[in-house]
>>> print(open('protein.csv').read())   # CSV, C-alpha atoms
chain,number,residue,atom,x,y,z
A,254,MET,CA,115.5,-92.5,140.7
A,255,LEU,CA,112.3,-91.0,139.3
A,256,ARG,CA,110.6,-93.0,136.5
A,257,GLY,CA,111.3,-91.6,133.1
A,258,THR,CA,114.4,-89.8,134.2
A,259,THR,CA,118.0,-90.7,133.6
A,260,LEU,CA,120.8,-89.0,135.4
A,261,MET,CA,123.2,-87.2,133.1
A,262,ASP,CA,126.9,-87.9,133.2
A,263,HIS,CA,130.0,-85.8,132.3
A,264,LYS,CA,129.7,-86.8,128.7
A,265,ASP,CA,126.1,-85.7,128.5
A,266,PHE,CA,126.8,-82.4,130.0
A,267,ASP,CA,129.8,-81.9,127.7
A,268,GLU,CA,127.6,-82.4,124.7
A,269,LEU,CA,125.0,-80.0,126.1
A,270,VAL,CA,127.8,-77.4,126.5
A,271,LYS,CA,128.8,-77.9,122.9
A,272,LEU,CA,125.2,-77.6,121.8
A,273,LEU,CA,124.8,-74.4,123.7
A,274,GLU,CA,128.1,-72.9,122.6
A,275,ALA,CA,127.3,-73.6,118.9
A,276,GLY,CA,123.9,-72.0,119.4
A,277,LEU,CA,125.3,-68.9,121.1
A,278,HIS,CA,127.7,-68.4,118.2
A,279,ASP,CA,124.8,-68.9,115.8
A,280,VAL,CA,122.7,-66.1,117.4
A,281,GLY,CA,125.6,-63.7,117.5
A,282,LEU,CA,126.7,-64.1,121.2
A,283,PRO,CA,130.1,-65.8,121.0
A,284,HIS,CA,131.6,-63.6,123.7
A,285,LEU,CA,129.4,-65.5,126.2
A,286,THR,CA,131.4,-68.7,125.5
A,287,ASP,CA,134.8,-67.3,126.4
A,288,THR,CA,136.1,-70.6,127.5
A,289,PRO,CA,139.3,-69.5,129.3
A,290,VAL,CA,137.1,-67.7,131.7
A,291,PHE,CA,135.3,-70.8,132.8
A,292,ILE,CA,138.0,-71.9,135.1
A,293,ASP,CA,137.4,-72.2,138.8
A,294,ARG,CA,139.8,-70.8,141.3
A,295,ASP,CA,139.9,-71.7,144.9
A,296,PRO,CA,142.3,-69.3,146.7
A,297,GLU,CA,142.8,-71.7,149.5
A,298,ALA,CA,143.3,-74.9,147.5
A,299,GLY,CA,145.7,-73.4,145.1
A,300,GLY,CA,145.8,-73.1,141.3
A,301,PRO,CA,143.0,-73.0,138.7
A,302,ARG,CA,141.0,-75.9,137.5
A,303,ARG,CA,138.5,-76.3,134.7
A,304,LEU,CA,134.9,-76.3,135.7
A,305,GLN,CA,133.2,-79.7,135.7
A,306,PRO,CA,130.9,-80.0,132.7
A,307,ARG,CA,127.7,-79.5,134.6
A,308,ASP,CA,129.0,-76.4,136.3
A,309,HIS,CA,130.3,-75.2,132.9
A,310,LEU,CA,126.8,-75.7,131.4
A,311,VAL,CA,125.1,-73.8,134.3
A,312,ALA,CA,127.7,-71.0,134.0
A,313,LEU,CA,127.0,-70.6,130.3
A,314,LEU,CA,123.2,-70.6,130.8
A,315,SER,CA,123.5,-68.1,133.7
A,316,ALA,CA,125.7,-65.8,131.5
A,317,LEU,CA,123.0,-65.9,128.8
A,318,GLU,CA,120.3,-65.1,131.3
A,319,ARG,CA,122.3,-62.1,132.6
A,320,HIS,CA,122.8,-60.9,129.1
A,321,LEU,CA,119.1,-61.2,128.3
A,322,ALA,CA,118.2,-59.4,131.5
A,323,LEU,CA,120.0,-56.3,130.1
A,324,THR,CA,118.1,-56.5,126.9
A,325,ASP,CA,114.7,-57.0,128.5
A,326,ARG,CA,112.0,-54.4,128.5
A,327,GLU,CA,111.0,-55.6,131.9
A,328,THR,CA,114.4,-54.5,133.4
A,329,TYR,CA,113.9,-51.0,131.9
A,330,ASP,CA,110.3,-50.7,133.2
A,331,ARG,CA,111.3,-51.9,136.7
A,332,ALA,CA,114.3,-49.5,136.9
A,333,LEU,CA,112.1,-46.5,136.0
A,334,GLU,CA,109.5,-47.6,138.5
A,335,MET,CA,112.1,-47.8,141.2
A,336,ILE,CA,113.5,-44.4,140.3
A,337,ASN,CA,110.1,-42.8,140.5
A,338,GLU,CA,109.4,-44.5,143.8
A,339,GLU,CA,112.5,-42.8,145.3
A,340,VAL,CA,112.3,-39.2,143.9
A,341,GLU,CA,109.9,-36.5,144.9
A,342,GLU,CA,107.2,-35.8,142.3
A,343,SER,CA,108.1,-38.9,140.2
A,344,SER,CA,109.0,-37.0,137.1
A,345,VAL,CA,111.2,-39.5,135.2
A,346,ARG,CA,109.4,-40.6,132.1
A,347,SER,CA,112.0,-42.3,130.0
A,348,ALA,CA,115.7,-42.9,129.4
A,349,CYS,CA,117.8,-42.7,126.2
A,350,VAL,CA,121.3,-42.7,124.9
A,351,VAL,CA,122.6,-39.6,123.1
A,352,ALA,CA,125.4,-39.5,120.6
A,353,PRO,CA,128.6,-37.5,121.1
A,354,ASP,CA,127.7,-35.0,118.3
A,355,GLY,CA,124.5,-34.0,120.1
A,356,GLU,CA,122.7,-33.9,116.8
A,357,SER,CA,122.0,-37.5,115.9
A,358,ASP,CA,118.7,-38.9,117.2
A,359,ALA,CA,118.8,-40.2,120.8
A,360,VAL,CA,118.4,-43.9,121.0
A,361,PRO,CA,115.5,-44.7,123.4
A,362,LEU,CA,116.1,-47.4,125.9
A,363,ASP,CA,112.4,-48.4,126.1
A,364,ASP,CA,112.5,-49.8,122.6
A,365,LEU,CA,113.5,-53.3,123.9
A,366,PRO,CA,112.1,-56.8,123.4
A,367,GLU,CA,109.9,-58.6,125.8
A,368,LEU,CA,112.1,-61.5,127.0
A,369,ARG,CA,110.4,-62.4,130.2
A,370,SER,CA,109.2,-65.8,128.9
A,371,VAL,CA,112.5,-67.0,127.6
A,372,ARG,CA,114.3,-65.7,130.7
A,373,HIS,CA,111.9,-67.6,132.9
A,374,ARG,CA,112.5,-70.8,130.9
A,375,LEU,CA,116.2,-70.3,131.3
A,376,LYS,CA,116.0,-69.8,135.0
A,377,GLU,CA,113.9,-72.9,135.4
A,378,LEU,CA,116.5,-74.9,133.3
A,379,ILE,CA,119.3,-73.5,135.4
A,380,ARG,CA,117.5,-74.5,138.6
A,381,GLU,CA,116.8,-78.0,137.4
A,382,ILE,CA,120.2,-78.7,136.0
A,383,GLY,CA,122.0,-77.0,138.9
A,384,GLY,CA,120.1,-79.1,141.5
A,385,GLU,CA,120.5,-82.4,139.6
A,386,PRO,CA,122.9,-84.9,141.1
A,387,GLU,CA,125.2,-86.4,138.5
A,388,ALA,CA,125.2,-90.0,137.4
A,389,GLY,CA,127.3,-92.0,139.8
A,390,ARG,CA,126.7,-89.6,142.6
A,391,ARG,CA,123.2,-90.7,143.6
A,392,ASP,CA,123.7,-89.9,147.2
A,393,GLY,CA,123.6,-86.2,146.2
A,394,ARG,CA,127.2,-85.5,147.3
B,733,MET,CA,115.9,-84.0,134.0
B,734,ASN,CA,117.4,-86.3,131.3
B,735,LYS,CA,119.6,-85.4,128.4
B,736,ALA,CA,116.8,-85.5,125.8
B,737,ARG,CA,114.7,-83.0,127.8
B,738,ALA,CA,117.7,-80.7,128.5
B,739,THR,CA,118.5,-80.7,124.8
B,740,ARG,CA,114.9,-79.8,123.9
B,741,GLU,CA,114.9,-77.0,126.4
B,742,ILE,CA,118.2,-75.5,125.3
B,743,GLU,CA,117.1,-75.7,121.6
B,744,SER,CA,113.8,-74.1,122.5
B,745,VAL,CA,115.6,-71.1,124.2
B,746,LEU,CA,117.9,-70.7,121.2
B,747,ALA,CA,115.0,-71.0,118.8
B,748,SER,CA,113.3,-68.1,120.7
B,749,LEU,CA,116.4,-66.0,120.2
B,750,ARG,CA,116.7,-66.9,116.5
B,751,THR,CA,113.1,-65.9,115.8
B,752,LEU,CA,113.3,-62.5,117.3
B,753,SER,CA,112.4,-59.7,114.9
B,754,ARG,CA,115.3,-58.0,113.2
B,755,GLN,CA,114.9,-55.0,115.4
B,756,ASP,CA,114.9,-57.1,118.6
B,757,ARG,CA,117.9,-59.0,117.4
B,758,ARG,CA,119.7,-55.7,117.0
B,759,HIS,CA,119.1,-54.9,120.6
B,760,LEU,CA,120.3,-58.3,121.7
B,761,LEU,CA,123.6,-57.7,119.9
B,762,SER,CA,123.9,-53.9,120.5
B,763,ARG,CA,126.2,-52.2,123.0
B,764,ASN,CA,123.3,-50.7,125.0
B,765,GLN,CA,123.3,-53.4,127.6
B,766,GLY,CA,125.7,-51.2,129.5
B,767,LYS,CA,123.4,-48.3,129.5
B,768,LEU,CA,120.4,-50.3,130.7
B,769,TYR,CA,122.6,-51.6,133.4
B,770,GLU,CA,123.6,-48.1,134.4
B,771,LEU,CA,119.8,-47.3,134.6
B,772,TYR,CA,119.2,-50.2,136.8
B,773,VAL,CA,122.2,-49.4,139.1
B,774,LEU,CA,121.0,-45.8,139.2
B,775,ALA,CA,117.7,-46.9,140.5
B,776,ARG,CA,119.4,-49.0,143.2
B,777,LEU,CA,121.7,-46.1,144.0
B,778,LEU,CA,118.8,-43.7,144.5
B,779,ARG,CA,117.1,-46.1,146.8
B,780,HIS,CA,120.4,-46.4,148.8
B,781,LEU,CA,120.8,-42.6,149.0
B,782,ARG,CA,117.2,-42.1,150.2
B,783,ARG,CA,117.7,-44.7,152.9
B,784,ARG,CA,120.8,-42.7,154.0
B,785,GLY,CA,118.5,-39.8,154.6
B,786,PHE,CA,118.7,-37.7,151.5
B,787,ARG,CA,115.6,-36.2,149.8
B,788,LEU,CA,115.8,-36.7,146.0
B,789,ARG,CA,114.6,-34.5,143.2
B,790,HIS,CA,114.9,-35.0,139.5
B,791,VAL,CA,115.6,-32.2,137.2
B,792,GLY,CA,114.4,-32.7,133.6
B,793,ASN,CA,111.9,-35.2,132.1
B,794,ASP,CA,114.1,-38.1,131.3
B,795,ILE,CA,117.5,-39.6,131.9
B,796,ARG,CA,120.1,-39.2,129.1
B,797,PHE,CA,123.1,-41.5,129.0
B,798,LYS,CA,125.9,-40.5,126.7
B,799,GLN,CA,127.7,-42.7,124.3
B,800,ALA,CA,130.8,-40.6,125.0
B,801,PRO,CA,130.9,-39.2,128.6
B,802,GLY,CA,132.0,-35.6,128.8
B,803,LYS,CA,131.4,-32.3,130.7
B,804,LEU,CA,128.7,-31.6,133.2
B,805,TYR,CA,125.9,-29.3,132.0
B,806,VAL,CA,123.2,-28.3,134.5
B,807,SER,CA,120.8,-28.3,131.6
B,808,ASP,CA,121.2,-32.0,131.3
B,809,PRO,CA,118.8,-34.2,133.3
B,810,HIS,CA,120.2,-34.9,136.8
B,811,PHE,CA,119.2,-35.4,140.4
B,812,VAL,CA,119.5,-33.1,143.3
B,813,LEU,CA,120.1,-34.5,146.7
B,814,GLU,CA,119.3,-32.6,149.9
B,815,SER,CA,120.6,-33.7,153.3
B,816,ARG,CA,118.7,-33.4,156.5
B,817,GLY,CA,120.9,-30.4,157.3
B,818,GLY,CA,119.9,-28.7,154.0
B,819,GLU,CA,123.1,-29.3,152.1
B,820,LYS,CA,122.9,-30.1,148.4
B,821,LEU,CA,124.6,-32.6,146.3
B,822,TRP,CA,124.2,-33.4,142.6
B,823,LEU,CA,124.0,-36.8,140.8
B,824,PHE,CA,124.9,-36.9,137.2
B,825,VAL,CA,125.5,-39.7,134.7
B,826,ASP,CA,128.4,-40.3,132.3
B,827,ILE,CA,130.8,-37.5,133.3
B,828,GLU,CA,134.5,-37.1,132.8
B,829,PHE,CA,136.3,-35.9,135.9
B,830,GLN,CA,139.8,-34.3,136.3
B,831,THR,CA,142.1,-36.8,137.9
B,832,LEU,CA,144.2,-36.5,141.1
B,833,GLY,CA,147.2,-37.2,138.9
B,834,HIS,CA,146.4,-34.2,136.7
B,835,ARG,CA,146.3,-32.0,139.8
B,836,MET,CA,149.6,-33.4,141.1
B,837,ARG,CA,151.3,-32.7,137.7
B,838,ALA,CA,150.4,-29.0,138.1
B,839,ARG,CA,147.7,-29.5,135.5
B,840,GLN,CA,150.0,-30.4,132.7
B,841,SER,CA,147.5,-32.0,130.4
B,842,ASP,CA,147.3,-35.0,128.2
B,843,LEU,CA,144.6,-37.6,127.5
B,844,SER,CA,145.1,-39.1,131.0
B,845,ALA,CA,143.9,-35.9,132.7
B,846,LEU,CA,140.3,-37.1,132.5
B,847,HIS,CA,138.6,-40.3,133.4
B,848,GLU,CA,134.9,-41.4,133.0
B,849,LEU,CA,132.5,-42.0,135.7
B,850,ASP,CA,129.2,-43.8,135.0
B,851,LEU,CA,127.3,-42.4,138.0
B,852,VAL,CA,128.7,-39.6,140.2
B,853,VAL,CA,127.4,-37.7,143.3
B,854,LEU,CA,129.1,-34.3,143.4
B,855,ARG,CA,129.6,-31.7,146.0
B,856,ALA,CA,129.5,-29.0,143.4
B,857,ALA,CA,127.9,-28.7,139.9
B,858,ILE,CA,129.7,-26.1,137.8
B,859,ASP,CA,128.1,-25.8,134.4
B,860,GLY,CA,130.3,-26.7,131.5
B,861,SER,CA,133.0,-28.2,133.6
B,862,ASN,CA,134.8,-31.4,134.2
B,863,PRO,CA,134.4,-31.9,137.9
B,864,THR,CA,137.6,-32.3,139.9
B,865,TYR,CA,138.4,-35.5,141.8
B,866,ASP,CA,137.9,-33.6,145.1
B,867,GLN,CA,134.3,-32.7,144.2
B,868,VAL,CA,133.3,-36.3,144.0
B,869,ALA,CA,131.4,-37.7,147.0
B,870,LEU,CA,130.4,-41.0,145.5
B,871,ALA,CA,131.5,-42.6,142.2
B,872,VAL,CA,129.9,-45.7,140.7
B,873,GLU,CA,131.5,-47.8,138.0
B,874,CYS,CA,128.9,-50.2,136.4
B,875,LYS,CA,130.1,-53.4,134.8
B,876,SER,CA,127.4,-55.2,132.8
B,877,ASN,CA,129.7,-57.9,131.6
B,878,ALA,CA,127.9,-61.2,131.7
B,879,VAL,CA,131.1,-62.8,132.8
B,880,PHE,CA,133.2,-61.1,135.6
B,881,VAL,CA,136.9,-61.1,135.0
B,882,LYS,CA,139.8,-60.0,137.1
B,883,SER,CA,140.7,-57.1,134.7
B,884,ILE,CA,137.5,-55.4,135.9
B,885,VAL,CA,139.0,-55.2,139.4
B,886,ARG,CA,142.3,-53.9,138.0
B,887,GLU,CA,140.4,-51.2,136.1
B,888,ALA,CA,138.6,-50.2,139.3
B,889,LEU,CA,141.8,-50.0,141.2
B,890,GLY,CA,143.2,-47.5,138.6
B,891,LEU,CA,140.1,-45.4,138.8
B,892,ARG,CA,140.2,-45.3,142.6
B,893,ARG,CA,143.8,-44.3,142.4
B,894,GLU,CA,142.8,-41.2,140.4
B,895,LEU,CA,140.1,-40.2,142.9
B,896,SER,CA,141.9,-40.1,146.2
B,897,PHE,CA,145.0,-40.9,148.2
B,898,LEU,CA,145.1,-44.0,150.4
B,899,ALA,CA,144.7,-42.8,154.0
B,900,ASP,CA,143.7,-44.0,157.4
B,901,PRO,CA,139.9,-44.7,157.5
B,902,VAL,CA,137.8,-41.7,158.1
B,903,LEU,CA,134.1,-41.0,157.9
B,904,SER,CA,133.1,-40.5,154.2
B,905,ASP,CA,132.0,-37.1,153.0
B,906,LEU,CA,128.6,-38.6,152.1
B,907,SER,CA,128.2,-39.9,155.6
B,908,ARG,CA,129.2,-36.6,157.1
B,909,LEU,CA,126.6,-34.8,155.0
B,910,SER,CA,123.8,-37.3,155.3
B,911,GLY,CA,124.0,-37.7,159.0
B,912,GLY,CA,122.7,-41.2,158.4
B,913,LYS,CA,124.5,-44.4,158.1
B,914,CYS,CA,128.2,-44.1,158.8
B,915,VAL,CA,130.6,-45.3,156.1
B,916,CYS,CA,134.3,-45.1,156.6
B,917,VAL,CA,136.7,-45.0,153.7
B,918,PRO,CA,140.5,-45.3,153.6
B,919,ALA,CA,140.7,-42.3,151.3
B,920,ARG,CA,141.6,-38.6,151.2
B,921,PRO,CA,139.4,-36.9,149.9
B,922,ALA,CA,136.9,-39.2,151.6
B,923,SER,CA,134.9,-40.2,148.6
B,924,GLU,CA,133.1,-43.5,148.3
B,925,PHE,CA,133.5,-45.8,145.3
B,926,TRP,CA,131.3,-48.6,144.2
B,927,LEU,CA,132.0,-51.2,141.6
B,928,ALA,CA,128.6,-52.6,140.5
B,929,PHE,CA,128.5,-55.9,138.6
B,930,THR,CA,126.0,-58.6,137.5
B,931,ASP,CA,128.0,-61.8,137.6
B,932,PRO,CA,127.9,-63.3,141.1
B,933,ARG,CA,131.5,-64.5,140.5
B,934,GLY,CA,132.6,-60.9,141.2
B,935,LYS,CA,131.9,-61.5,144.9
B,936,ARG,CA,135.0,-63.6,145.0
B,937,TYR,CA,137.1,-60.5,144.5
B,938,VAL,CA,135.9,-58.3,147.4
B,939,ARG,CA,138.6,-58.2,150.0
B,940,SER,CA,141.7,-56.8,148.5
B,941,PRO,CA,139.9,-53.9,146.7
B,942,ALA,CA,138.1,-53.1,150.0
B,943,ALA,CA,141.5,-52.2,151.5
B,944,PHE,CA,141.6,-49.4,148.9
B,945,GLY,CA,138.1,-48.2,149.5
B,946,ILE,CA,136.4,-50.0,146.6
B,947,ASP,CA,133.1,-51.4,147.5
B,948,LEU,CA,132.2,-54.3,145.2
B,949,ARG,CA,128.4,-54.6,144.9
B,950,HIS,CA,126.6,-57.4,143.2
B,951,MET,CA,123.6,-55.9,141.5
B,952,GLN,CA,121.7,-58.2,139.2
B,953,PRO,CA,118.3,-57.4,137.6
B,954,LYS,CA,115.8,-60.1,138.6
>>> encode(input="protein.csv", output="structure tokens")
Amino acid sequence: MLRGTTLMDHKDFDELVKLLEAGLHDVGLPHLTDTPVFIDRDPEAGGPRRLQPRDHLVALLSALERHLALTDRETYDRALEMINEEVEESSVRSACVVAPDGESDAVPLDDLPELRSVRHRLKELIREIGGEPEAGRRDGR
Amino acid sequence: MNKARATREIESVLASLRTLSRQDRRHLLSRNQGKLYELYVLARLLRHLRRRGFRLRHVGNDIRFKQAPGKLYVSDPHFVLESRGGEKLWLFVDIEFQTLGHRMRARQSDLSALHELDLVVLRAAIDGSNPTYDQVALAVECKSNAVFVKSIVREALGLRRELSFLADPVLSDLSRLSGGKCVCVPARPASEFWLAFTDPRGKRYVRSPAAFGIDLRHMQPK
């Protein structure tokens, strides 16, 4: 065991799940905590079973990261860059969403926040928690 | 990592979201994630089409997604694909097409006569029309849901049903035109159909839809 670290157990992960779920509700993203969905199914082993708390935490963090990816200016920039790499004369300058009436102002898709830093921190957290053996399973199995 | 550090990290991420500006928070909570995902999948689709041998040209200055998909207008921004053999195809976004069922019912019409397609490659582009199912060479349904659920697959099965009959596998129309990579589809007309999704869990649902010519593709922005 590394000095200064304590392996987390089921109870710890459960509490972290509750912390994260409360926070997601607080910031207006309750749909990411849709608990009935976090059930693992193994087609060969049979029926559904609830995710273990650590896996549940990783699943929630990953869902948040996926949501943020689709609100991140970086995703928009990268998509336009890819499009212009593929088409002749690279003429695509922007993307927007138009209303059905055709008269309301189009909503530009480039007016998005920079979320690279928070997404990076999330990915690091997912990596560290996902790779962490649980308490009582020190052989890594 | 210990619990105290994990707690701090999670609270730090949540704090970053709470302190976004009002405008940025609006984006976080808006419905436009779907359209940004369509843009990302469009980029991946264009790369795929070029690798299959098509030359690609964009018409217009921008890309305009629609809150409510509708008819095809050639004045709308779109892409023109040209095969090695000189044949042309057209790629539009957010179009409603006329279903196979609508044709079978001798065009008796109700709200079920049209279904939406997020991204569509067409063999013909008739201005002011809803393309028919047999004009579709490749259809893409984009699912930006952060969590993949089985109902997404059921929806795709329904859409596929309205594009073509189930048939013995044949070379797809797109393969025949591109002269490049050969893709076979169990469909008549021989259109290709992608279901693009962000949650890797969707990869657990691949096999049964494949029997009906639905190609599940995990596409997640890095």
>>> atom_distance(input="protein.csv", atom1="atom CA of Leu760 of chain B", atom2="atom CA of Thr324 of chain A")
5.9 Å
>>> closest_residue(input="protein.csv", among="A:Asp358, A:Asp325, A:Glu342, A:Glu334", to="His373 of chain A", atoms="all atoms listed in the file")
A:Asp325
>>> closest_atom_pairs(input="protein.csv", of="chain B", to="chain A", cutoff="8 Å", atoms="only C-alpha atoms", output="JSON lines")
{"residue": "B:Met733", "atom": "CA", "partner": "A:Thr258", "partner_atom": "CA", "distance": 6.0}
{"residue": "B:Asn734", "atom": "CA", "partner": "A:Thr259", "partner_atom": "CA", "distance": 5.0}
{"residue": "B:Lys735", "atom": "CA", "partner": "A:Met261", "partner_atom": "CA", "distance": 6.2}
{"residue": "B:Ala738", "atom": "CA", "partner": "A:Leu378", "partner_atom": "CA", "distance": 7.6}
{"residue": "B:Thr739", "atom": "CA", "partner": "A:Leu269", "partner_atom": "CA", "distance": 6.7}
{"residue": "B:Glu741", "atom": "CA", "partner": "A:Leu378", "partner_atom": "CA", "distance": 7.4}
{"residue": "B:Ile742", "atom": "CA", "partner": "A:Leu273", "partner_atom": "CA", "distance": 6.9}
{"residue": "B:Val745", "atom": "CA", "partner": "A:Val371", "partner_atom": "CA", "distance": 6.2}
{"residue": "B:Leu746", "atom": "CA", "partner": "A:Gly276", "partner_atom": "CA", "distance": 6.4}
{"residue": "B:Ser748", "atom": "CA", "partner": "A:Val371", "partner_atom": "CA", "distance": 7.0}
{"residue": "B:Leu749", "atom": "CA", "partner": "A:Val280", "partner_atom": "CA", "distance": 6.9}
{"residue": "B:Arg750", "atom": "CA", "partner": "A:Val280", "partner_atom": "CA", "distance": 6.1}
{"residue": "B:Asp756", "atom": "CA", "partner": "A:Pro366", "partner_atom": "CA", "distance": 5.6}
{"residue": "B:His759", "atom": "CA", "partner": "A:Thr324", "partner_atom": "CA", "distance": 6.6}
{"residue": "B:Leu760", "atom": "CA", "partner": "A:Thr324", "partner_atom": "CA", "distance": 5.9}
{"residue": "B:Leu761", "atom": "CA", "partner": "A:Gly281", "partner_atom": "CA", "distance": 6.8}
{"residue": "B:Asn764", "atom": "CA", "partner": "A:Leu362", "partner_atom": "CA", "distance": 8.0}
{"residue": "B:Gln765", "atom": "CA", "partner": "A:Leu323", "partner_atom": "CA", "distance": 5.1}
{"residue": "B:Gly766", "atom": "CA", "partner": "A:Leu323", "partner_atom": "CA", "distance": 7.7}
{"residue": "B:Lys767", "atom": "CA", "partner": "A:Val350", "partner_atom": "CA", "distance": 7.5}
{"residue": "B:Leu768", "atom": "CA", "partner": "A:Leu323", "partner_atom": "CA", "distance": 6.0}
{"residue": "B:Tyr769", "atom": "CA", "partner": "A:Leu323", "partner_atom": "CA", "distance": 6.3}
{"residue": "B:Leu771", "atom": "CA", "partner": "A:Ala332", "partner_atom": "CA", "distance": 6.4}
{"residue": "B:Tyr772", "atom": "CA", "partner": "A:Ala332", "partner_atom": "CA", "distance": 5.0}
{"residue": "B:Leu774", "atom": "CA", "partner": "A:Ile336", "partner_atom": "CA", "distance": 7.7}
{"residue": "B:Ala775", "atom": "CA", "partner": "A:Ile336", "partner_atom": "CA", "distance": 4.9}
{"residue": "B:Arg776", "atom": "CA", "partner": "A:Met335", "partner_atom": "CA", "distance": 7.7}
{"residue": "B:Leu778", "atom": "CA", "partner": "A:Glu339", "partner_atom": "CA", "distance": 6.4}
{"residue": "B:Arg779", "atom": "CA", "partner": "A:Glu339", "partner_atom": "CA", "distance": 5.9}
{"residue": "B:Arg782", "atom": "CA", "partner": "A:Glu339", "partner_atom": "CA", "distance": 6.8}
{"residue": "B:Arg787", "atom": "CA", "partner": "A:Val340", "partner_atom": "CA", "distance": 7.4}
{"residue": "B:Leu788", "atom": "CA", "partner": "A:Val340", "partner_atom": "CA", "distance": 4.8}
{"residue": "B:Arg789", "atom": "CA", "partner": "A:Val340", "partner_atom": "CA", "distance": 5.3}
{"residue": "B:His790", "atom": "CA", "partner": "A:Val340", "partner_atom": "CA", "distance": 6.6}
{"residue": "B:Gly792", "atom": "CA", "partner": "A:Val345", "partner_atom": "CA", "distance": 7.7}
{"residue": "B:Asn793", "atom": "CA", "partner": "A:Val345", "partner_atom": "CA", "distance": 5.3}
{"residue": "B:Asp794", "atom": "CA", "partner": "A:Ser347", "partner_atom": "CA", "distance": 4.9}
{"residue": "B:Ile795", "atom": "CA", "partner": "A:Ala348", "partner_atom": "CA", "distance": 4.5}
{"residue": "B:Arg796", "atom": "CA", "partner": "A:Cys349", "partner_atom": "CA", "distance": 5.1}
{"residue": "B:Phe797", "atom": "CA", "partner": "A:Val350", "partner_atom": "CA", "distance": 4.6}
{"residue": "B:Lys798", "atom": "CA", "partner": "A:Val351", "partner_atom": "CA", "distance": 5.0}
{"residue": "B:Gln799", "atom": "CA", "partner": "A:Ala352", "partner_atom": "CA", "distance": 5.4}
{"residue": "B:Ala800", "atom": "CA", "partner": "A:Pro353", "partner_atom": "CA", "distance": 5.4}
{"residue": "B:Ser876", "atom": "CA", "partner": "A:Leu323", "partner_atom": "CA", "distance": 8.0}
{"residue": "B:Asn877", "atom": "CA", "partner": "A:His320", "partner_atom": "CA", "distance": 7.9}
{"residue": "B:Ala878", "atom": "CA", "partner": "A:Ala316", "partner_atom": "CA", "distance": 5.1}
{"residue": "B:Val879", "atom": "CA", "partner": "A:Ala316", "partner_atom": "CA", "distance": 6.3}
{"residue": "B:Val881", "atom": "CA", "partner": "A:Val290", "partner_atom": "CA", "distance": 7.4}
{"residue": "B:Thr930", "atom": "CA", "partner": "A:Arg319", "partner_atom": "CA", "distance": 7.1}
{"residue": "B:Asp931", "atom": "CA", "partner": "A:Arg319", "partner_atom": "CA", "distance": 7.6}
{"residue": "B:Gln952", "atom": "CA", "partner": "A:Arg319", "partner_atom": "CA", "distance": 7.7}
{"residue": "B:Pro953", "atom": "CA", "partner": "A:Ala322", "partner_atom": "CA", "distance": 6.4}
{"residue": "B:Lys954", "atom": "CA", "partner": "A:Ala322", "partner_atom": "CA", "distance": 7.5}
>>> closest_residue(input="protein.csv", among="A:Leu310, A:Gly300, A:Asp267, A:His278", to="Gly383 of chain A", atoms="only C-alpha atoms")
A:Leu310
>>> atom_distance(input="protein.csv", atom1="atom CA of Phe897 of chain B", atom2="atom CA of Arg936 of chain B")
25.0 Å
>>> atom_distance(input="protein.csv", atom1="atom CA of Ile946 of chain B", atom2="atom CA of Arg303 of chain A")
28.9 Å
>>> residues_around(input="protein.csv", residues="Phe786 of chain B", least_positions_apart="5", cutoff="6 Å", atoms="all atoms listed in the file", output="JSON, numbers by chain")
{"B": [781, 813, 814, 815]}
>>> build_atoms(input="protein.csv", residues="segment 737-743 of chain B", atoms="N, CA, C and O atoms", output="tab-separated table (two decimals), in the frame of the given file")
chain	number	residue	atom	x	y	z
B	737	ARG	N	115.49	-84.14	127.38
B	737	ARG	CA	114.70	-83.00	127.80
B	737	ARG	C	115.55	-81.72	127.87
B	737	ARG	O	115.15	-80.64	127.45
B	738	ALA	N	116.75	-81.89	128.43
B	738	ALA	CA	117.70	-80.70	128.50
B	738	ALA	C	117.98	-80.22	127.11
B	738	ALA	O	118.01	-79.00	126.88
B	739	THR	N	118.19	-81.14	126.19
B	739	THR	CA	118.50	-80.70	124.80
B	739	THR	C	117.32	-79.96	124.22
B	739	THR	O	117.49	-78.91	123.60
B	740	ARG	N	116.12	-80.47	124.45
B	740	ARG	CA	114.90	-79.80	123.90
B	740	ARG	C	114.78	-78.39	124.49
B	740	ARG	O	114.49	-77.43	123.79
B	741	GLU	N	115.03	-78.28	125.78
B	741	GLU	CA	114.90	-77.00	126.40
B	741	GLU	C	115.90	-75.97	125.90
B	741	GLU	O	115.57	-74.81	125.64
B	742	ILE	N	117.14	-76.43	125.76
B	742	ILE	CA	118.20	-75.50	125.30
B	742	ILE	C	117.86	-75.11	123.83
B	742	ILE	O	117.96	-73.93	123.46
B	743	GLU	N	117.45	-76.07	123.02
B	743	GLU	CA	117.10	-75.70	121.60
B	743	GLU	C	115.92	-74.80	121.56
B	743	GLU	O	115.86	-73.91	120.71
